[in-house]
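Asker: Provided below: work12.cif, containing mmCIF, C-alpha atoms.
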data_my_file
#
loop_
_atom_site.label_atom_id
_atom_site.label_comp_id
_atom_site.auth_asym_id
_atom_site.auth_seq_id
_atom_site.Cartn_x
_atom_site.Cartn_y
_atom_site.Cartn_z
CA MET O 1 76.21 108.65 123.53
CA ASN O 2 75.41 109.17 127.20
CA LYS O 3 78.88 108.39 128.44
CA GLN O 4 78.17 108.74 132.15
CA ALA O 5 75.23 106.33 131.84
CA TRP O 6 77.51 103.78 130.16
CA ILE O 7 80.09 104.14 132.94
CA GLU O 8 77.47 103.68 135.65
CA ALA O 9 75.90 100.68 133.87
CA ALA O 10 79.31 99.05 133.45
CA LYS O 11 80.03 99.47 137.16
CA ALA O 12 76.66 97.95 138.03
CA LYS O 13 77.53 94.86 135.97
CA GLY O 14 80.77 94.33 137.87
CA ILE O 15 83.15 95.88 135.33
CA GLU O 16 85.77 97.32 137.66
CA ALA O 17 87.24 99.83 135.23
CA PHE O 18 85.59 101.12 132.06
CA GLU O 19 86.80 103.36 129.24
CA ILE O 20 85.18 105.02 126.23
CA TYR O 21 87.47 106.01 123.36
CA GLN O 22 86.03 107.95 120.43
CA LEU O 23 87.67 108.96 117.18
CA ARG O 24 85.89 111.49 114.99
CA GLU O 25 87.25 112.00 111.45
CA ASN O 26 86.09 114.46 108.80
CA GLY O 27 87.77 114.43 105.42
CA ARG O 28 87.64 115.41 101.77
CA SER O 29 89.52 113.85 98.86
CA VAL O 30 89.72 115.17 95.30
CA SER O 31 91.55 113.51 92.40
CA TRP O 32 92.30 114.91 88.94
CA TYR O 33 93.25 113.14 85.73
CA GLU O 34 93.69 114.33 82.15
CA GLY O 35 92.15 117.75 82.44
CA ASP O 36 89.25 117.17 84.78
CA VAL O 37 88.18 116.12 88.25
CA GLU O 38 88.14 112.33 88.41
CA ASN O 39 86.66 111.75 91.85
CA VAL O 40 85.43 113.67 94.90
CA THR O 41 84.88 111.98 98.24
CA SER O 42 83.71 113.47 101.54
CA SER O 43 83.59 111.49 104.76
CA ARG O 44 82.39 111.93 108.31
CA THR O 45 82.92 109.05 110.71
CA LEU O 46 82.67 108.52 114.43
CA GLY O 47 84.17 105.33 115.78
CA THR O 48 83.77 104.23 119.38
CA SER O 49 85.73 101.65 121.34
CA ILE O 50 84.84 100.56 124.85
CA ARG O 51 87.29 98.81 127.14
CA GLY O 52 86.47 97.00 130.35
CA ILE O 53 88.68 95.44 133.01
CA VAL O 54 87.83 92.74 135.56
CA ASP O 55 90.52 91.20 137.79
CA GLY O 56 93.18 92.82 135.61
CA LYS O 57 91.84 91.20 132.43
CA ALA O 58 90.85 93.66 129.70
CA ALA O 59 88.78 93.40 126.54
CA ASN O 60 87.73 95.88 123.84
CA LEU O 61 84.64 96.23 121.68
CA ALA O 62 84.63 98.57 118.66
CA MET O 63 81.43 100.11 117.28
CA GLU O 64 80.81 102.24 114.22
CA SER O 65 77.53 103.41 115.74
CA VAL O 66 76.39 103.54 119.35
CA ASP O 67 72.85 102.83 120.47
CA ASP O 68 72.18 103.76 124.09
CA SER O 69 69.07 101.56 124.05
CA ARG O 70 71.32 98.51 123.54
CA MET O 71 73.67 99.44 126.35
CA ASP O 72 73.00 96.36 128.49
CA GLU O 73 73.38 93.97 125.57
CA THR O 74 76.65 95.58 124.50
CA LEU O 75 78.11 95.57 128.01
CA ASP O 76 77.16 91.90 128.40
CA ARG O 77 79.09 91.15 125.21
CA LEU O 78 82.07 93.02 126.64
CA LEU O 79 81.86 90.96 129.85
CA ASP O 80 81.80 87.73 127.84
CA GLU O 81 84.94 88.89 126.01
CA ILE O 82 86.68 89.62 129.32
CA LYS O 83 85.77 86.21 130.76
CA ALA O 84 87.15 84.46 127.67
CA ILE O 85 90.61 85.97 128.12
CA GLY O 86 93.28 83.69 129.54
CA ALA O 87 95.74 84.66 132.25
CA GLU O 88 98.02 87.45 130.98
CA GLU O 89 99.76 90.48 132.38
CA LYS O 90 97.31 92.59 134.34
CA GLU O 91 96.01 95.78 132.78
CA ARG O 92 94.63 98.97 134.26
CA LEU O 93 93.10 102.25 133.23
CA ARG O 94 94.87 105.50 133.93
CA GLN O 95 93.94 108.11 136.49
CA PRO O 96 93.70 111.70 135.20
CA GLU O 97 96.90 113.72 135.54
CA GLU O 98 97.47 117.45 135.51
CA THR O 99 99.44 118.71 132.54
CA GLU O 100 100.05 122.00 130.80
CA GLU O 101 98.74 121.47 127.28
CA VAL O 102 100.40 122.98 124.24
CA ARG O 103 98.39 124.50 121.43
CA ASP O 104 99.26 124.66 117.75
CA GLU O 105 98.37 128.21 116.70
CA ARG O 106 98.87 127.43 113.02
CA THR O 107 95.61 127.17 111.09
CA TRP O 108 94.40 125.16 108.12
CA LYS O 109 92.52 127.24 105.54
CA SER O 110 90.13 124.89 103.77
CA PRO O 111 89.85 125.85 100.07
CA THR O 112 86.67 125.85 98.00
CA MET O 113 86.14 123.17 95.37
CA GLU O 114 86.69 125.78 92.66
CA GLU O 115 90.03 126.77 94.19
CA ILE O 116 91.09 123.12 94.30
CA LYS O 117 90.04 122.50 90.66
CA GLU O 118 91.83 125.61 89.42
CA THR O 119 95.01 124.68 91.28
CA MET O 120 94.93 121.18 89.81
CA ARG O 121 94.40 122.53 86.30
CA ILE O 122 97.39 124.85 86.66
CA LEU O 123 99.57 122.11 88.16
CA GLU O 124 98.86 119.79 85.23
CA GLN O 125 99.69 122.50 82.70
CA LYS O 126 102.90 123.51 84.46
CA ALA O 127 104.09 119.93 84.88
CA LEU O 128 103.53 119.03 81.21
CA ALA O 129 105.31 122.22 80.14
CA PHE O 130 108.24 121.82 82.50
CA ASP O 131 110.33 119.55 80.27
CA PRO O 132 109.61 117.73 76.99
CA ARG O 133 110.52 114.46 78.71
CA VAL O 134 107.52 114.80 81.04
CA SER O 135 105.19 112.44 79.22
CA GLU O 136 102.23 112.28 81.58
CA VAL O 137 100.75 113.66 84.76
CA THR O 138 99.77 110.38 86.39
CA THR O 139 97.87 111.87 89.32
CA ILE O 140 97.00 115.05 91.12
CA GLY O 141 95.28 114.65 94.44
CA TRP O 142 94.04 116.85 97.28
CA GLU O 143 93.49 115.41 100.76
CA GLU O 144 92.25 117.14 103.86
CA GLY O 145 91.16 115.81 107.20
CA ALA O 146 90.41 116.76 110.79
CA VAL O 147 90.61 114.29 113.67
CA THR O 148 89.29 114.56 117.22
CA ARG O 149 90.10 111.95 119.89
CA GLU O 150 88.18 111.79 123.17
CA ILE O 151 88.91 109.51 126.14
CA VAL O 152 86.59 109.18 129.13
CA ASN O 153 86.93 106.53 131.83
CA SER O 154 85.54 105.48 135.19
CA CYS O 155 88.66 106.79 136.96
CA GLY O 156 87.69 110.37 136.14
CA MET O 157 89.62 110.72 132.89
CA ASP O 158 88.10 113.18 130.39
CA VAL O 159 90.56 114.45 127.78
CA ARG O 160 90.57 115.29 124.09
CA ASP O 161 93.01 116.14 121.32
CA GLU O 162 92.47 117.63 117.87
CA SER O 163 94.63 117.57 114.77
CA GLY O 164 94.33 118.26 111.05
CA VAL O 165 96.20 118.02 107.79
CA GLN O 166 95.91 119.15 104.17
CA TYR O 167 98.20 118.12 101.35
CA LEU O 168 98.63 117.98 97.59
CA VAL O 169 100.06 115.04 95.64
CA LEU O 170 101.57 115.44 92.17
CA GLY O 171 102.61 112.32 90.28
CA ILE O 172 104.32 112.35 86.89
CA ALA O 173 105.89 110.00 84.35
CA VAL O 174 108.97 110.94 82.34
CA LYS O 175 110.29 109.31 79.18
CA ASP O 176 113.58 109.41 77.29
CA GLN O 177 113.60 107.13 74.24
CA ASP O 178 112.50 103.73 75.62
CA GLU O 179 113.20 104.50 79.28
CA VAL O 180 110.25 105.48 81.46
CA LYS O 181 110.38 106.52 85.12
CA ASP O 182 107.71 107.79 87.47
CA GLY O 183 107.71 109.73 90.70
CA TYR O 184 105.66 111.98 92.92
CA GLU O 185 105.87 114.85 95.35
CA ILE O 186 103.69 115.55 98.39
CA GLU O 187 103.29 119.02 99.85
CA VAL O 188 101.57 119.86 103.13
CA VAL O 189 99.43 122.94 102.42
CA ARG O 190 98.00 125.15 105.14
CA ASP O 191 96.79 127.79 102.66
CA LEU O 192 96.37 126.71 99.05
CA ALA O 193 96.36 130.31 97.81
CA ALA O 194 99.85 130.84 99.24
CA LEU O 195 101.41 127.69 97.72
CA ASP O 196 104.38 128.19 95.39
CA LEU O 197 103.04 126.12 92.48
CA ASP O 198 106.17 126.58 90.34
CA GLY O 199 108.39 125.34 93.16
CA PHE O 200 106.13 122.36 93.83
CA VAL O 201 106.14 121.36 90.15
CA ARG O 202 109.89 121.84 89.89
CA ARG O 203 110.60 119.55 92.85
CA ALA O 204 108.34 116.80 91.49
CA CYS O 205 109.72 117.01 87.95
CA GLU O 206 113.40 117.36 88.80
CA LYS O 207 113.29 114.47 91.27
CA THR O 208 111.72 112.21 88.65
CA LEU O 209 113.86 113.39 85.71
CA ASP O 210 116.97 112.68 87.78
CA LYS O 211 116.11 108.97 87.58
CA LEU O 212 116.60 108.86 83.82
CA GLY O 213 119.83 107.45 82.44
CA GLY O 214 120.75 105.57 85.57
CA SER O 215 123.04 102.55 85.56
CA PRO O 216 124.80 100.43 88.21
CA VAL O 217 128.25 101.13 89.64
CA PRO O 218 130.91 98.43 90.10
CA SER O 219 130.53 96.39 93.27
CA GLY O 220 132.66 97.62 96.14
CA TRP O 221 132.93 99.63 99.33
CA TYR O 222 131.66 103.19 98.96
CA LYS O 223 131.36 106.25 101.10
CA VAL O 224 127.59 106.77 101.28
CA ILE O 225 125.08 109.45 102.19
CA LEU O 226 121.59 108.18 102.85
CA GLU O 227 119.44 111.10 101.72
CA LYS O 228 116.67 112.17 104.10
CA ASP O 229 113.84 110.21 102.45
CA ALA O 230 115.82 106.98 102.25
CA MET O 231 117.16 107.45 105.78
CA THR O 232 113.64 108.13 107.07
CA ASP O 233 112.33 104.91 105.48
CA LEU O 234 115.09 102.85 107.12
CA PHE O 235 114.77 104.59 110.49
CA ALA O 236 110.97 104.20 110.52
CA ALA O 237 111.16 100.51 109.62
CA LEU O 238 113.36 99.89 112.67
CA SER O 239 111.68 102.27 115.13
CA GLY O 240 110.07 99.30 116.91
CA MET O 241 113.41 98.43 118.50
CA PHE O 242 112.83 101.24 121.02
CA SER O 243 109.51 99.78 122.20
CA GLY O 244 109.53 98.61 125.81
CA GLU O 245 107.05 95.95 124.78
CA MET O 246 109.44 94.53 122.16
CA ILE O 247 112.40 94.79 124.55
CA TYR O 248 110.48 92.93 127.28
CA LYS O 249 109.59 90.16 124.83
CA GLY O 250 113.26 89.84 123.86
CA ILE O 251 112.69 90.54 120.18
CA SER O 252 114.39 93.93 120.10
CA PRO O 253 118.12 94.21 119.36
CA LEU O 254 118.29 96.70 122.24
CA LYS O 255 117.44 94.13 124.92
CA ASP O 256 119.79 94.61 127.92
CA LYS O 257 121.50 97.60 126.26
CA LEU O 258 120.01 100.46 128.28
CA GLY O 259 122.83 102.83 129.25
CA GLU O 260 125.18 101.47 126.59
CA LYS O 261 126.59 103.31 123.62
CA ILE O 262 124.80 101.88 120.59
CA MET O 263 125.43 104.54 117.93
CA SER O 264 127.83 107.31 116.97
CA ASP O 265 128.07 110.23 119.37
CA LYS O 266 126.72 112.34 116.48
CA ILE O 267 123.31 110.67 116.90
CA THR O 268 120.61 111.93 119.25
CA ILE O 269 117.12 110.48 118.83
CA VAL O 270 114.10 112.30 120.25
CA ASP O 271 110.41 111.45 120.55
CA ASP O 272 108.24 114.50 121.20
CA PRO O 273 104.48 114.30 120.51
CA ARG O 274 104.26 117.97 121.48
CA ASP O 275 106.81 119.21 118.93
CA LEU O 276 105.15 122.23 117.34
CA SER O 277 107.40 122.03 114.28
CA ALA O 278 105.79 118.70 113.31
CA VAL O 279 102.63 118.49 111.23
CA SER O 280 100.47 117.55 114.23
CA ILE O 281 100.82 117.22 117.98
CA ARG O 282 99.38 115.10 120.78
CA ASN O 283 98.97 116.32 124.35
CA TYR O 284 97.82 112.83 125.36
CA ASP O 285 98.35 109.34 124.06
CA ASP O 286 95.38 107.05 123.37
CA GLU O 287 95.22 106.04 127.05
CA GLY O 288 94.99 109.64 128.26
CA CYS O 289 98.58 109.71 129.49
CA PRO O 290 100.16 113.17 129.06
CA THR O 291 102.88 113.12 126.43
CA ARG O 292 106.36 114.61 126.83
CA ARG O 293 109.68 115.05 125.09
CA LYS O 294 112.31 112.37 125.74
CA ALA O 295 115.72 111.58 124.31
CA LEU O 296 115.90 107.87 123.53
CA VAL O 297 119.49 108.04 122.33
CA GLU O 298 121.69 110.88 123.52
CA GLU O 299 125.04 111.32 121.78
CA GLY O 300 124.95 107.64 120.89
CA VAL O 301 123.95 106.31 124.33
CA PHE O 302 120.66 104.40 124.72
CA LYS O 303 118.89 106.39 127.46
CA THR O 304 115.16 105.67 127.29
CA MET O 305 112.72 103.18 125.82
CA LEU O 306 109.13 103.95 124.83
CA HIS O 307 106.25 102.69 126.96
CA CYS O 308 102.51 102.44 127.07
CA THR O 309 100.86 101.77 130.44
CA LYS O 310 100.93 97.99 130.11
CA SER O 311 104.56 97.72 129.01
CA ALA O 312 105.63 100.19 131.70
CA ASP O 313 103.81 98.26 134.43
CA THR O 314 105.35 95.01 133.20
CA MET O 315 108.86 96.45 133.43
CA GLY O 316 108.39 98.46 136.61
CA ALA O 317 108.62 101.77 134.78
CA GLU O 318 106.43 104.77 133.98
CA SER O 319 104.55 105.26 130.72
CA THR O 320 106.26 107.68 128.35
CA GLY O 321 102.93 108.64 126.77
CA ASN O 322 103.41 106.38 123.75
CA GLY O 323 100.35 104.17 123.98
CA PHE O 324 98.62 104.70 120.63
CA ARG O 325 95.96 102.91 118.61
CA GLY O 326 96.04 102.19 114.88
CA GLY O 327 92.43 103.45 114.61
CA PHE O 328 89.44 103.38 116.93
CA ALA O 329 89.10 99.58 116.55
CA GLY O 330 92.76 98.88 117.23
CA SER O 331 94.26 97.95 120.56
CA VAL O 332 96.78 100.15 122.35
CA SER O 333 100.42 99.42 121.61
CA VAL O 334 103.73 101.24 121.91
CA SER O 335 104.29 103.65 119.02
CA PRO O 336 106.57 106.64 118.45
CA MET O 337 105.10 110.07 117.73
CA ASN O 338 107.10 112.94 116.26
CA PHE O 339 110.19 110.74 116.37
CA CYS O 340 113.41 111.96 114.79
CA ILE O 341 117.17 112.03 114.66
CA LEU O 342 118.16 115.59 115.54
CA PRO O 343 119.67 117.47 112.58
CA GLY O 344 123.19 118.76 112.17
CA GLU O 345 124.38 121.99 110.59
CA ARG O 346 125.38 121.29 106.98
CA SER O 347 123.23 120.93 103.88
CA LEU O 348 123.21 117.87 101.64
CA GLU O 349 125.28 119.75 99.08
CA GLU O 350 127.89 120.61 101.71
CA MET O 351 127.95 116.98 102.85
CA GLN O 352 128.57 115.86 99.26
CA GLU O 353 131.48 118.27 98.97
CA ALA O 354 132.97 116.91 102.20
CA MET O 355 132.51 113.32 101.00
CA GLY O 356 134.36 113.93 97.75
CA ASP O 357 133.70 110.64 95.96
CA GLY O 358 130.87 108.28 96.85
CA LEU O 359 127.17 107.57 96.53
CA VAL O 360 124.04 109.38 97.60
CA ILE O 361 121.19 106.89 98.10
CA THR O 362 117.79 108.51 97.54
CA ASP O 363 115.53 105.47 97.33
CA LEU O 364 115.42 102.16 99.21
CA GLN O 365 113.21 99.27 98.08
CA GLY O 366 112.10 95.99 99.62
CA LEU O 367 112.24 97.08 103.26
CA HIS O 368 109.67 94.48 104.32
CA ALA O 369 111.52 91.58 102.71
CA GLY O 370 115.14 92.70 102.92
CA LEU O 371 115.30 93.91 106.53
CA ASP O 372 115.49 91.81 109.70
CA PRO O 373 114.14 93.92 112.60
CA VAL O 374 115.67 91.62 115.23
CA THR O 375 119.26 91.55 113.97
CA THR O 376 118.92 94.84 111.97
CA ASN O 377 120.73 93.21 109.06
CA PHE O 378 119.53 94.53 105.71
CA SER O 379 120.13 93.98 102.02
CA LEU O 380 118.11 96.39 99.91
CA GLN O 381 117.88 97.36 96.27
CA CYS O 382 118.31 101.08 95.88
CA GLY O 383 118.97 104.01 93.60
CA GLY O 384 120.53 107.42 93.80
CA TYR O 385 123.47 109.15 92.18
CA LEU O 386 127.25 108.99 91.98
CA VAL O 387 129.29 111.83 93.45
CA LYS O 388 132.73 112.73 92.04
CA ASP O 389 134.88 115.49 93.51
CA GLY O 390 131.93 116.59 95.62
CA LYS O 391 129.55 117.04 92.68
CA LYS O 392 126.64 114.98 91.39
CA GLU O 393 127.92 113.04 88.36
CA ARG O 394 125.20 110.65 87.15
CA PRO O 395 122.14 108.67 88.28
CA VAL O 396 122.70 105.20 89.73
CA THR O 397 120.19 102.38 89.68
CA LEU O 398 119.92 98.61 90.14
CA ILE O 399 122.40 98.38 93.00
CA THR O 400 122.06 96.72 96.40
CA VAL O 401 123.36 97.97 99.73
CA ALA O 402 123.96 95.59 102.63
CA ALA O 403 124.88 96.28 106.25
CA ASN O 404 123.86 95.89 109.87
CA TYR O 405 121.93 98.99 110.90
CA LEU O 406 123.25 99.30 114.45
CA GLU O 407 126.84 98.76 113.32
CA LEU O 408 126.32 101.23 110.48
CA MET O 409 125.03 103.86 112.92
CA LYS O 410 128.37 103.71 114.73
CA THR O 411 130.13 104.89 111.55
CA VAL O 412 128.30 108.20 111.06
CA THR O 413 130.55 110.97 109.79
CA GLU O 414 127.96 113.72 109.39
CA VAL O 415 124.29 114.42 110.16
CA GLY O 416 122.68 116.85 107.75
CA SER O 417 120.51 119.85 108.45
CA ASN O 418 117.64 118.91 106.12
CA LEU O 419 115.11 117.56 108.63
CA ASP O 420 111.66 117.88 107.04
CA TRP O 421 108.53 116.77 108.92
CA SER O 422 106.26 117.20 105.88
CA TYR O 423 103.32 114.83 106.56
CA HIS O 424 105.42 112.34 108.58
CA HIS O 425 105.55 111.49 112.29
CA VAL O 426 108.95 109.74 111.95
CA VAL O 427 111.74 111.59 110.12
CA CYS O 428 115.50 111.81 109.65
CA PRO O 429 117.85 114.25 107.99
CA SER O 430 120.42 113.01 105.48
CA ILE O 431 123.25 111.07 107.14
CA ALA O 432 126.77 110.34 105.85
CA PHE O 433 128.59 107.10 106.66
CA GLU O 434 132.19 105.93 106.42
CA GLY O 435 131.19 103.24 103.97
CA ILE O 436 128.68 100.58 102.91
CA ALA O 437 129.08 97.43 100.84
CA VAL O 438 127.46 97.91 97.43
CA SER O 439 126.62 95.20 94.90
CA GLY O 440 126.39 96.52 91.38
CA GLU O 441 127.75 95.47 88.00
#
Do you think you could lay out the structure here as structure tokens?
Answerer:
Amino acid sequence: MNKQAWIEAAKAKGIEAFEIYQLRENGRSVSWYEGDVENVTSSRTLGTSIRGIVDGKAANLAMESVDDSRMDETLDRLLDEIKAIGAEEKERLRQPEETEEVRDERTWKSPTMEEIKETMRILEQKALAFDPRVSEVTTIGWEEGAVTREIVNSCGMDVRDESGVQYLVLGIAVKDQDEVKDGYEIEVVRDLAALDLDGFVRRACEKTLDKLGGSPVPSGWYKVILEKDAMTDLFAALSGMFSGEMIYKGISPLKDKLGEKIMSDKITIVDDPRDLSAVSIRNYDDEGCPTRRKALVEEGVFKTMLHCTKSADTMGAESTGNGFRGGFAGSVSVSPMNFCILPGERSLEEMQEAMGDGLVITDLQGLHAGLDPVTTNFSLQCGGYLVKDGKKERPVTLITVAANYLELMKTVTEVGSNLDWSYHHVVCPSIAFEGIAVSGE
């Protein structure tokens, strides 16, 4: 694609501001089932999105392939799209800004197909031998991918970011008499040869075996620890409340609460696309705005909301570098990136000891149906285990927890140390609460 030619042609047609966004993705996927490779897929894609602005009205066109010979036809289509847009908030493209980029010095060592197959064979054998109650290895999968984003515009913007990821998935089924449970574990792997296969299998098997023999507890008010995975699911589902776009529209529970204390002083929430401890980083958002670290909640006080360029302009603010797309064909919206509740000092086991008697919730279900993102009220089926005298006593299943998230976050008694980015961009450590209403037997 002759990008400069496209920019000049767009200008000649009266498009006042013009942007080219390209997303290049290379990937490989391998799946294994019952002793052999089931499927191998390799992919190489380049998606292009062009955006034009006339009189503050913007439109996008997405293309899976670009033909320079059809430049005029394509730009005319873009102009027609712009003209069809009704009066809305005005949009603009960003000017280039100086920034000191960070670089992730960690590398991804791509394994050979033979190394992947041998690892999968060993994983299957180890999982089936781990415990007689492991009845089946339901899946073993390898995924790897590299992504490059490039943004060029008529204002002089010319930036790019690169990221990659590799991970293994191990899924198993366990059986005890007539009871069957399944589970999985995902491990980010920078060097397959250095992976602790025994540890990976143990985590997957123990987590799934712990589900066997579960039963409800009596309904009541319980001290509760939301374990990191369950807490992450809940936190991620409600992360949109920090969007300036949602706050401006009045559909965020944080509307008019900037500067107020909204959570326990034990809670500090940070968004940092440049956090080198996360699986991937972004020096720029998908508008070319340099990213930066910001504390959204600091010791319980709501300090900052997230913005893209449009939401920031609407509210008389500055973009926080959180304008991201959901793919090359998607439009820019406000999204968090490397978003977390900062960890505390004690492990989950130490938190259990401090709690004494209560529940540890490890799994939340029905987040889409049982959670109201405007009020933050939730009622969710869940599972976990009962804690007596600071020790795990037995699995718990088929219970429901109900609360208001923002009110619950004012009752935090402890934030755990077990923050784990893994393959996520939104994470939480385990968090202990004074109490939650539980419906059981």
Asker: Ranking O:Asp286, O:Asp158, O:Glu144, O:Glu136 by minimum distance to Tyr184 of chain O and counting only C-alpha atoms, which one comes first?
Answerer: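 Of the candidates, the smallest distance to Tyr184 of chain O is held by O:Glu136.
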Asker: Quick one: residues within 8 Å of segment 320-328 of chain O, only C-alpha atoms, excluding same-chain residues fewer than 3 positions away - as a VMD selection string?
Answerer: chain O and resid 21 to 23 47 to 49 62 284 to 287 289 to 292 306 to 309 331 to 337
Asker: Restricting the calculation to only C-alpha atoms, which member of O:Gly240, O:Pro216, O:Gly14, O:Gly344 is positioned closest to Leu386 of chain O?
Answerer: O:Pro216
Asker: Using all atoms listed in the file for the distances, tell me which of O:Glu91, O:Glu298, O:Glu187, O:Glu143 is nearest to Met113 of chain O.
Answerer: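 Nearest to Met113 of chain O: O:Glu143.
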Asker: Which one of O:Lys109, O:Lys211, O:Arg203, O:Arg149 sits closest to Thr362 of chain O if you count only C-alpha atoms?
Answerer: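 Looking only at the distances to Thr362 of chain O, the closest residue turns out to be O:Lys211.
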Asker: Could you check the closest approach to Lys57 of chain O for each of O:Glu350, O:Glu88, O:Asp229, O:Asp275 and tell me which residue wins, using all atoms listed in the file?
Answerer: O:Glu88
Asker: Can you pull out every residue within 12 Å of Met355 of chain O, counting all atoms listed in the file, but drop anything in the same chain fewer than 2 positions away, and send it as a list in words?
Answerer: Tyr222, Lys223, Val224, Ile225, Leu348, Glu349, Glu350, Met351, Gln352, Glu353, Asp357, Gly358, Leu359, Val360, Leu386, Val387, Lys388, Asp389, Gly390, Lys391, Lys392, Thr413, Glu414, Ile431, Ala432, Phe433, Glu434 and Gly435 of chain O
Asker: Using all atoms listed in the file, find the one residue out of O:Lys257, O:Lys228, O:Arg282, O:Lys410 that sits nearest to Cys340 of chain O.
Answerer: O:Lys228
Asker: For a test of reading the model, state the distance in Å between atom CA of Arg24 of chain O and atom CA of Leu46 of chain O, rounded to one decimal.
Answerer: 4.4 Å
Asker: Would you give the centre and edge lengths, in Å to one decimal, of a box along x, y and z around the listed atoms of segment 330-342 of chain O, with 8 Å added to each side, as JSON?
Answerer:
{"center_x": 105.5, "center_y": 106.8, "center_z": 118.5, "size_x": 41.4, "size_y": 33.6, "size_z": 23.7}
Asker: With a distance cut-off of 6 Å and all atoms listed in the file, select the neighbouring residues of Ile361 of chain O, excluding the residue or stretch itself and same-chain residues fewer than 3 positions from it, and output the selection as a PyMOL selection string.
Answerer: chain O and resi 226-227+383-384
Asker: Which residues are near Ser163 of chain O? Cut-off 10 Å, only C-alpha atoms, ignore same chain within fewer than 6 positions. Put them as a list of chain:residue names.
Answerer: O:Glu25, O:Asp104, O:Gly145, O:Ala146, O:Val147, O:Thr148, O:Arg149, O:Val279, O:Ser280, O:Ile281, O:Arg282
Asker: Between atom CA of Ser252 of chain O and atom CA of Val374 of chain O, what is the distance, to one decimal in Å?
Answerer: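 Computing it gives 5.5 Å between the two atoms.
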Asker: Evaluate the PyMOL selection byres ((chain O and resi 90) around 12) and record the selected residues as an MDAnalysis selection string, following the chain and residue labels used in the document.
Answerer: chainID O and resid 53:59 85:89 91:93 309:314
Asker: Would you work out the distance separating atom CA of Phe302 of chain O from atom CA of Lys261 of chain O, expressed in Å to one decimal?
Answerer: 6.1 Å
Asker: Using the chain letters and numbering of this document, enumerate as JSON, numbers by chain the residues selected by the PyMOL selection byres ((chain O and resi 131) around 12).
Answerer: {"O": [125, 126, 127, 128, 129, 130, 132, 133, 134, 135, 136, 172, 173, 174, 175, 176, 201, 202, 204, 205, 206, 208, 209]}
